[in-house]
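Text of final-v1.tsv (TSV, C-alpha atoms) as supplied:
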```
chain	number	residue	atom	x	y	z
A	1267	ALA	CA	-23.35	34.46	22.11
A	1268	PHE	CA	-20.44	32.32	23.30
A	1269	ILE	CA	-18.00	34.24	21.10
A	1270	GLU	CA	-19.36	37.58	22.29
A	1271	LYS	CA	-19.19	36.54	25.96
A	1272	SER	CA	-15.62	35.24	25.61
A	1273	HIS	CA	-14.59	38.42	23.83
A	1274	SER	CA	-16.14	40.69	26.46
A	1275	GLU	CA	-14.32	38.77	29.19
A	1276	GLY	CA	-11.01	38.85	27.30
A	1277	ARG	CA	-10.86	35.06	27.14
A	1278	PRO	CA	-9.51	33.04	24.21
A	1279	PHE	CA	-11.97	30.45	22.95
A	1280	PHE	CA	-12.20	27.21	21.01
A	1281	ILE	CA	-15.39	26.18	19.23
A	1282	ASN	CA	-16.12	22.79	17.71
A	1283	LEU	CA	-19.30	23.38	15.71
A	1284	TRP	CA	-20.93	20.34	14.14
A	1285	VAL	CA	-23.29	21.56	11.44
A	1286	HIS	CA	-26.14	19.06	11.16
A	1287	GLU	CA	-28.00	20.38	8.12
A	1288	PRO	CA	-26.47	18.21	5.36
A	1289	HIS	CA	-26.97	15.05	7.46
A	1290	THR	CA	-30.02	12.84	7.86
A	1291	PRO	CA	-32.64	13.46	9.11
A	1292	PHE	CA	-32.86	16.53	6.86
A	1293	HIS	CA	-34.67	19.28	8.77
A	1294	THR	CA	-35.95	21.84	6.31
A	1295	VAL	CA	-36.97	25.46	6.88
A	1296	PRO	CA	-39.72	26.94	4.65
A	1297	LYS	CA	-37.64	30.00	3.74
A	1298	TYR	CA	-34.87	27.91	2.24
A	1299	ARG	CA	-37.27	25.51	0.53
A	1300	TRP	CA	-38.81	28.59	-1.15
A	1301	TRP	CA	-35.42	29.79	-2.38
A	1302	PHE	CA	-35.08	26.62	-4.46
A	1303	ARG	CA	-38.71	26.22	-5.54
A	1304	ASP	CA	-37.61	25.99	-9.19
A	1305	LEU	CA	-35.95	22.64	-8.56
A	1306	GLU	CA	-38.54	20.16	-9.76
A	1307	ASP	CA	-37.14	17.13	-7.95
A	1308	GLU	CA	-38.18	17.40	-4.30
A	1309	THR	CA	-35.03	15.66	-3.13
A	1310	ASP	CA	-32.92	18.28	-4.93
A	1311	ASN	CA	-34.96	21.01	-3.28
A	1312	ILE	CA	-34.52	19.49	0.17
A	1313	TYR	CA	-30.76	19.07	-0.13
A	1314	ALA	CA	-30.22	22.52	-1.62
A	1315	SER	CA	-32.28	24.07	1.17
A	1316	VAL	CA	-30.34	22.43	4.00
A	1317	LEU	CA	-27.02	23.41	2.40
A	1318	ALA	CA	-28.19	27.03	2.14
A	1319	HIS	CA	-29.28	26.92	5.77
A	1320	ALA	CA	-25.86	25.59	6.81
A	1321	ASP	CA	-24.15	28.27	4.72
A	1322	ASP	CA	-26.10	31.00	6.50
A	1323	ARG	CA	-25.26	29.60	9.93
A	1324	ILE	CA	-21.54	29.43	9.11
A	1325	GLY	CA	-21.81	32.98	7.79
A	1326	GLN	CA	-23.17	34.10	11.17
A	1327	VAL	CA	-20.00	32.82	12.85
A	1328	LEU	CA	-17.69	34.51	10.36
A	1329	ASP	CA	-19.66	37.77	10.49
A	1330	THR	CA	-19.41	37.78	14.28
A	1331	LEU	CA	-15.62	37.37	14.13
A	1332	ASP	CA	-15.44	40.23	11.63
A	1333	ARG	CA	-17.75	42.48	13.65
A	1334	LEU	CA	-15.75	41.96	16.85
A	1335	ARG	CA	-12.47	42.40	14.93
A	1336	LEU	CA	-11.32	38.93	15.92
A	1337	ALA	CA	-10.84	37.51	12.43
A	1338	GLU	CA	-7.10	38.15	12.22
A	1339	ASN	CA	-6.56	36.38	15.53
A	1340	THR	CA	-8.83	33.42	14.82
A	1341	LEU	CA	-8.18	30.35	12.68
A	1342	VAL	CA	-11.39	28.95	11.21
A	1343	ILE	CA	-11.40	25.53	9.56
A	1344	PHE	CA	-14.33	24.10	7.61
A	1345	SER	CA	-14.20	20.37	6.98
A	1346	SER	CA	-16.14	17.14	7.41
A	1347	ASP	CA	-15.78	13.72	9.00
A	1348	ASN	CA	-16.41	11.68	5.83
A	1349	GLY	CA	-17.49	11.87	2.24
A	1350	PRO	CA	-21.16	12.38	1.36
A	1351	ALA	CA	-23.81	9.75	1.94
A	1352	ARG	CA	-25.84	8.66	-1.06
A	1353	ALA	CA	-29.13	6.83	-1.33
A	1354	SER	CA	-29.51	3.60	-3.24
A	1355	LYS	CA	-31.14	3.92	-6.64
A	1356	ASN	CA	-34.90	4.34	-6.57
A	1357	SER	CA	-34.94	5.04	-2.82
A	1358	LYS	CA	-38.29	6.33	-1.62
A	1359	LEU	CA	-38.41	9.71	0.08
A	1360	ASP	CA	-39.66	9.05	3.60
A	1361	LEU	CA	-39.51	10.67	6.97
A	1362	MET	CA	-37.11	9.22	9.51
A	1363	HIS	CA	-36.57	9.83	13.21
A	1364	ASP	CA	-33.35	10.32	15.12
A	1365	THR	CA	-33.38	10.24	18.92
A	1366	ALA	CA	-31.00	13.21	19.02
A	1367	THR	CA	-32.41	15.46	16.32
A	1368	GLY	CA	-36.02	14.37	15.81
A	1369	ALA	CA	-37.91	13.71	12.59
A	1370	GLY	CA	-36.83	14.76	9.12
A	1371	TYR	CA	-36.40	13.53	5.58
A	1372	GLY	CA	-34.40	10.36	5.06
A	1373	ILE	CA	-31.48	9.24	2.94
A	1374	ALA	CA	-33.30	9.60	-0.41
A	1375	ALA	CA	-32.68	13.37	-0.18
A	1376	ALA	CA	-28.89	12.93	0.15
A	1377	LYS	CA	-27.39	14.54	-2.96
A	1378	GLY	CA	-23.76	15.15	-1.98
A	1379	VAL	CA	-21.14	14.84	-4.71
A	1380	THR	CA	-17.53	13.68	-4.58
A	1381	GLY	CA	-16.10	15.48	-7.61
A	1382	GLY	CA	-15.74	12.22	-9.50
A	1383	ARG	CA	-13.98	10.33	-6.72
A	1384	LYS	CA	-14.79	6.65	-6.22
A	1385	GLY	CA	-17.24	5.61	-3.53
A	1386	TYR	CA	-18.96	7.75	-0.92
A	1387	LYS	CA	-19.57	7.62	2.84
A	1388	GLY	CA	-18.46	4.24	4.20
A	1389	SER	CA	-15.88	3.62	1.45
A	1390	LEU	CA	-12.11	3.88	1.92
A	1391	PHE	CA	-11.66	5.13	-1.63
A	1392	GLU	CA	-11.27	8.89	-1.93
A	1393	GLY	CA	-15.02	9.48	-2.28
A	1394	GLY	CA	-15.41	8.23	1.28
A	1395	VAL	CA	-12.29	9.63	2.98
A	1396	GLY	CA	-11.67	12.78	0.95
A	1397	VAL	CA	-13.43	15.77	2.50
A	1398	PRO	CA	-13.60	19.55	2.04
A	1399	PHE	CA	-10.93	21.54	3.86
A	1400	ILE	CA	-11.12	25.32	3.89
A	1401	ALA	CA	-8.96	27.38	6.26
A	1402	ARG	CA	-9.53	31.09	6.98
A	1403	TRP	CA	-7.03	33.19	8.91
A	1404	PRO	CA	-6.62	36.72	7.48
A	1405	GLY	CA	-3.00	37.82	7.45
A	1406	LYS	CA	-1.74	34.27	8.03
A	1407	ILE	CA	-3.32	32.21	5.25
A	1408	ALA	CA	-3.41	33.67	1.74
A	1409	ALA	CA	-6.96	34.46	0.65
A	1410	GLY	CA	-8.10	32.46	-2.33
A	1411	ALA	CA	-5.03	30.21	-2.39
A	1412	VAL	CA	-5.57	26.61	-3.44
A	1413	ASP	CA	-3.26	23.82	-2.26
A	1414	ASP	CA	-4.03	20.63	-4.16
A	1415	VAL	CA	-0.80	18.88	-3.20
A	1416	SER	CA	-0.43	18.86	0.59
A	1417	LEU	CA	-1.96	15.94	2.44
A	1418	ILE	CA	-3.79	17.01	5.62
A	1419	SER	CA	-5.92	14.77	7.82
A	1420	ALA	CA	-8.27	15.39	10.73
A	1421	VAL	CA	-5.68	13.75	13.01
A	1422	ASP	CA	-3.46	16.77	12.29
A	1423	LEU	CA	-5.86	19.25	13.85
A	1424	LEU	CA	-4.97	18.53	17.49
A	1425	PRO	CA	-1.18	19.02	17.18
A	1426	THR	CA	-1.71	22.02	14.88
A	1427	PHE	CA	-4.10	23.75	17.28
A	1428	CYS	CA	-1.81	23.03	20.23
A	1429	ALA	CA	1.16	24.52	18.37
A	1430	ILE	CA	-0.78	27.68	17.58
A	1431	ALA	CA	-2.04	28.07	21.15
A	1432	GLY	CA	1.27	27.17	22.77
A	1433	ALA	CA	-0.32	24.20	24.53
A	1434	GLN	CA	1.85	21.26	25.55
A	1435	LEU	CA	0.67	17.76	24.75
A	1436	PRO	CA	0.66	15.34	27.71
A	1437	GLU	CA	4.01	13.77	28.53
A	1438	GLY	CA	4.40	10.43	26.77
A	1439	TYR	CA	1.58	11.14	24.32
A	1440	GLU	CA	2.40	10.65	20.65
A	1441	SER	CA	-0.15	12.05	18.25
A	1442	ASP	CA	-1.13	10.22	15.07
A	1443	GLY	CA	-1.16	13.65	13.43
A	1444	LEU	CA	1.35	16.33	12.51
A	1445	ASN	CA	1.62	20.05	13.17
A	1446	GLN	CA	0.52	21.51	9.83
A	1447	LEU	CA	0.80	25.21	10.69
A	1448	ALA	CA	3.61	25.83	8.21
A	1449	VAL	CA	1.63	24.11	5.46
A	1450	LEU	CA	-1.41	26.28	6.20
A	1451	GLU	CA	0.73	29.40	6.08
A	1452	GLY	CA	2.31	28.26	2.82
A	1453	THR	CA	5.86	28.35	4.18
A	1454	LYS	CA	6.58	24.61	3.99
A	1455	ALA	CA	6.92	22.45	0.90
A	1456	PRO	CA	4.26	19.72	0.69
A	1457	SER	CA	5.52	16.59	2.40
A	1458	ARG	CA	4.15	14.20	4.99
A	1459	ALA	CA	6.45	12.48	7.47
A	1460	LYS	CA	3.78	10.03	8.70
A	1461	PRO	CA	1.63	7.66	6.66
A	1462	LEU	CA	-2.13	7.68	7.10
A	1463	TYR	CA	-4.09	4.51	7.83
A	1464	TRP	CA	-7.74	3.46	7.71
A	1465	LYS	CA	-9.65	0.38	8.83
A	1466	SER	CA	-13.28	-0.42	8.10
A	1467	ASP	CA	-15.60	-3.42	8.14
A	1468	ALA	CA	-16.30	-4.05	4.47
A	1469	PRO	CA	-17.65	-7.11	2.62
A	1470	TRP	CA	-15.56	-9.09	0.18
A	1471	PRO	CA	-16.29	-9.56	-2.61
A	1472	ALA	CA	-18.02	-6.23	-3.24
A	1473	ARG	CA	-21.80	-6.17	-3.06
A	1474	ASP	CA	-23.94	-5.54	-6.10
A	1475	GLY	CA	-24.70	-1.84	-6.37
A	1476	LYS	CA	-21.73	-0.88	-4.17
A	1477	PRO	CA	-18.65	-1.76	-6.21
A	1478	ASP	CA	-16.37	0.64	-4.32
A	1479	HIS	CA	-17.23	-0.42	-0.77
A	1480	TRP	CA	-15.12	-3.57	-0.43
A	1481	VAL	CA	-11.95	-1.99	1.03
A	1482	SER	CA	-11.23	-2.92	4.65
A	1483	PHE	CA	-7.75	-1.37	4.95
A	1484	ALA	CA	-5.98	1.55	3.32
A	1485	VAL	CA	-2.63	3.27	3.73
A	1486	VAL	CA	-1.39	6.49	2.14
A	1487	ASP	CA	2.32	7.33	2.14
A	1488	GLN	CA	3.41	10.35	0.12
A	1489	LYS	CA	1.79	9.96	-3.31
A	1490	TRP	CA	1.00	6.25	-3.00
A	1491	LYS	CA	-2.23	4.70	-1.73
A	1492	LEU	CA	-2.70	0.98	-1.14
A	1493	VAL	CA	-6.16	-0.49	-0.52
A	1494	ALA	CA	-6.80	-4.06	0.63
A	1495	ASN	CA	-9.69	-6.39	1.32
A	1496	SER	CA	-10.40	-7.87	4.77
A	1497	LYS	CA	-7.93	-10.78	4.42
A	1498	ARG	CA	-5.33	-8.62	2.61
A	1499	ASP	CA	-5.08	-11.20	-0.16
A	1500	TYR	CA	-6.22	-8.66	-2.74
A	1501	VAL	CA	-4.78	-5.15	-3.05
A	1502	GLU	CA	-4.85	-2.21	-5.43
A	1503	LEU	CA	-2.32	0.61	-5.73
A	1504	TYR	CA	-2.90	4.20	-6.83
A	1505	ASP	CA	-0.75	7.27	-7.44
A	1506	LEU	CA	-2.89	9.98	-5.82
A	1507	SER	CA	-0.76	12.84	-7.13
A	1508	ALA	CA	-1.36	11.86	-10.77
A	1509	ASP	CA	-4.67	10.04	-10.32
A	1510	PRO	CA	-6.74	11.44	-7.42
A	1511	LEU	CA	-9.86	9.79	-8.84
A	1512	GLU	CA	-8.23	6.35	-8.45
A	1513	THR	CA	-8.95	5.23	-11.99
A	1514	ALA	CA	-5.76	3.24	-12.71
A	1515	ASP	CA	-4.66	0.34	-10.49
A	1516	LEU	CA	-0.85	0.29	-10.62
A	1517	ALA	CA	-0.25	-2.71	-8.35
A	1518	ALA	CA	0.91	-5.09	-11.08
A	1519	ALA	CA	3.42	-2.57	-12.43
A	1520	ASN	CA	4.83	-1.61	-9.02
A	1521	PRO	CA	5.36	-4.80	-6.96
A	1522	GLU	CA	8.11	-3.24	-4.84
A	1523	GLN	CA	5.88	-0.35	-3.79
A	1524	VAL	CA	3.07	-2.80	-3.03
A	1525	ALA	CA	5.44	-4.78	-0.80
A	1526	ILE	CA	6.57	-1.66	1.07
A	1527	LEU	CA	3.04	-0.41	1.76
A	1528	THR	CA	1.75	-3.89	2.60
A	1529	LYS	CA	4.49	-4.26	5.22
A	1530	GLN	CA	3.66	-0.84	6.68
A	1531	LEU	CA	-0.01	-1.78	6.82
A	1532	GLU	CA	0.64	-5.12	8.52
A	1533	GLU	CA	2.89	-3.47	11.12
A	1534	TRP	CA	0.19	-0.88	11.83
A	1535	ILE	CA	-2.48	-3.57	12.21
A	1536	THR	CA	-0.43	-5.23	14.98
A	1537	THR	CA	-0.68	-1.99	17.01
A	1538	LEU	CA	-4.50	-1.95	16.99
A	1539	PRO	CA	-6.35	-2.95	20.17
A	1540	ASP	CA	-8.78	-5.87	20.17
A	1541	GLY	CA	-11.52	-3.45	21.19
A	1542	PRO	CA	-12.17	-0.19	23.01
A	1543	PRO	CA	-10.94	-0.05	26.64
A	1544	ALA	CA	-13.63	-0.53	29.27
A	1545	ARG	CA	-12.91	2.91	30.71
A	1546	LEU	CA	-14.40	4.47	27.59
A	1547	PHE	CA	-17.88	3.12	28.36
A	1548	SER	CA	-20.32	4.75	30.76
A	1549	ALA	CA	-21.96	2.85	33.59
A	1550	GLU	CA	-25.26	3.13	31.72
A	1551	ARG	CA	-23.74	1.50	28.62
A	1552	THR	CA	-22.28	-1.30	30.73
A	1553	GLU	CA	-25.63	-1.95	32.41
A	1554	LYS	CA	-27.37	-2.28	29.03
A	1555	LYS	CA	-24.96	-5.04	28.07
```

Could I get this structure in the form of structure tokens?
Amino acid sequence: AFIEKSHSEGRPFFINLWVHEPHTPFHTVPKYRWWFRDLEDETDNIYASVLAHADDRIGQVLDTLDRLRLAENTLVIFSSDNGPARASKNSKLDLMHDTATGAGYGIAAAKGVTGGRKGYKGSLFEGGVGVPFIARWPGKIAAGAVDDVSLISAVDLLPTFCAIAGAQLPEGYESDGLNQLAVLEGTKAPSRAKPLYWKSDAPWPARDGKPDHWVSFAVVDQKWKLVANSKRDYVELYDLSADPLETADLAAANPEQVAILTKQLEEWITTLPDGPPARLFSAERTEKK
């Protein structure tokens, strides 16, 4: 309805659509559960049904753009905020309640896969930070093209969207991201002028049952990725171009590269604030403290 209203009024629009279906609590719809009735494991049935529901909802958006003949003037990006969540082994299928979305099935029904990448949601290995990225823009982006070389991050979306729309970023503002329009259009050779950094609270040493969730810091620069524990006294190094599944730690064989990335990481850490500014909290949040 929002797209149709904007179109009828001749107004450009931006939509940020968070699809909840593949996230806990899993809210199932009988029609989609029936589609996958042959799946004997109930958790498989639940996850397949919510994915199918999400697929239909995304299809409604794309069909609307096609019907209104807006597809060639609209960039659509499908992505995620993190890798898939996974339940611990032998987790019991229970209902859970979320104050925002109500009751549904819990984490035991989470069946997302990472394509063989290490870790999952909450890990700074590629299974936790690598996400789907599909871009659709008929006439601008080649249909069916696969780019498995370029490195694009969610921080790139803001400067890319602003470049497409002709919007100026605020004076003095420096984005963490890059304008990736040329990469999307396939007119620029894969290269990234800015490293990417991550920080997470992770235990060291790794916990039993979660061997890939010990990384507290990570940096990616070109093909190299360095991961470090909380005190940065243990690191691993990977060549993502040759080894996207992070199977071979190359730190011992590449001490110079380790030193370069470690220095970059330490310099980045000094720029981090001690905590979020007070202006980011509502009066209600402050009162609860």

What's around range 1324-1329 of chain A at 9 Å? Count all atoms listed in the file, leave out sequence neighbours fewer than 6 positions away in its own chain, and write the answer as a list in words.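 In the requested form, the answer reads Ile1269, Val1285, Ala1337 and Val1342 of chain A.
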
At a cut-off of 9 Å, using only C-alpha atoms, what residues contact range 1358-1369 of chain A? Leave out same-chain residues fewer than 2 positions from it and give the result as a VMD selection string. chain A and resid 1286 1290 to 1293 1308 to 1309 1356 1371 to 1375

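Residue nearest Asp1414 in chain A, chosen from A:Pro1471, A:Gly1443, A:Pro1510, A:Gly1432 and counting all atoms listed in the file: A:Pro1510.
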
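Remark: for Trp1490 in chain A, the closest of the candidate residues A:Ile1535, A:Leu1423, A:Leu1417, A:Leu1305 is A:Leu1417 (distances computed over only C-alpha atoms).
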
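Note that CA of Asp1509 in chain A and CA of Lys1476 in chain A are 21.2 Å apart.
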
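Distance annotation: of A:Lys1489, A:Ile1418, A:Ala1408, A:Trp1470, the residue with the minimal separation from Gly1452 in chain A is A:Ala1408; atom set is all atoms listed in the file.
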
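Across the structure, CA of Ala1519 in chain A and CA of Arg1498 in chain A are spaced 18.4 Å apart.
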
Distance CA of Asp1478 in chain A-CA of Lys1465 in chain A, one decimal place?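 CA of Lys1465 in chain A lies 14.8 Å from CA of Asp1478 in chain A.
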
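When all atoms listed in the file are used to measure the gap to Phe1280 in chain A, the shortest distance among A:Ala1431, A:Ala1351, A:Ala1459, A:Val1379 belongs to A:Ala1431.
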
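Contact shell of Gly1381 in chain A at 12 Å (all atoms listed in the file; same-chain neighbours under 2 positions omitted): Gly1349, Pro1350, Gly1378, Val1379, Arg1383, Lys1384, Gly1385, Tyr1386, Glu1392, Gly1393, Gly1394, Gly1396, Val1397, Pro1398, Pro1510 and Leu1511 of chain A.
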
Could those selected residues go to a file with C-alpha atoms, as a compact mmCIF listing (two decimals), in the coordinates of the input?
```txt
# COMPACT_ATOMS: atom_id res chain seq x y z
CA GLY A 1349 -17.49 11.87 2.24
CA PRO A 1350 -21.16 12.38 1.36
CA GLY A 1378 -23.76 15.15 -1.98
CA VAL A 1379 -21.14 14.84 -4.71
CA ARG A 1383 -13.98 10.33 -6.72
CA LYS A 1384 -14.79 6.65 -6.22
CA GLY A 1385 -17.24 5.61 -3.53
CA TYR A 1386 -18.96 7.75 -0.92
CA GLU A 1392 -11.27 8.89 -1.93
CA GLY A 1393 -15.02 9.48 -2.28
CA GLY A 1394 -15.41 8.23 1.28
CA GLY A 1396 -11.67 12.78 0.95
CA VAL A 1397 -13.43 15.77 2.50
CA PRO A 1398 -13.60 19.55 2.04
CA PRO A 1510 -6.74 11.44 -7.42
CA LEU A 1511 -9.86 9.79 -8.84
```

Spatial neighbours of Pro1461 in chain A, 8 Å, all atoms listed in the file, chain gap at least 4 places, as a PDB file with C-alpha atoms, keeping the file's coordinate frame:
```
ATOM      1  CA  VAL A1485      -2.630   3.270   3.730  1.00  0.00           C
ATOM      2  CA  VAL A1486      -1.390   6.490   2.140  1.00  0.00           C
ATOM      3  CA  ASP A1487       2.320   7.330   2.140  1.00  0.00           C
ATOM      4  CA  GLN A1488       3.410  10.350   0.120  1.00  0.00           C
TER       5      GLN A1488
END
```

Shortest interatomic distance to Tyr1504 in chain A - which of A:Lys1271, A:Lys1491, A:Lys1377, A:Arg1551, counting only C-alpha atoms: A:Lys1491

Which one is closest to Glu1287 in chain A: A:Asp1474, A:Glu1550, A:Glu1306, A:Asp1322? Count all atoms listed in the file. A:Asp1322

Near Ala1455 in chain A, within 10 Å and counting only C-alpha atoms, which residues show up once chain neighbours fewer than 3 positions away are dropped, as a list in words? Val1415, Ser1416, Ala1448, Val1449, Gly1452 and Arg1458 of chain A

Could you list as a PyMOL selection string every residue that has an atom within 6 Å of (-13.9, 11.3, 7.2), using the file's coordinates and counting all atoms listed in the file? chain A and resi 1347-1348+1395
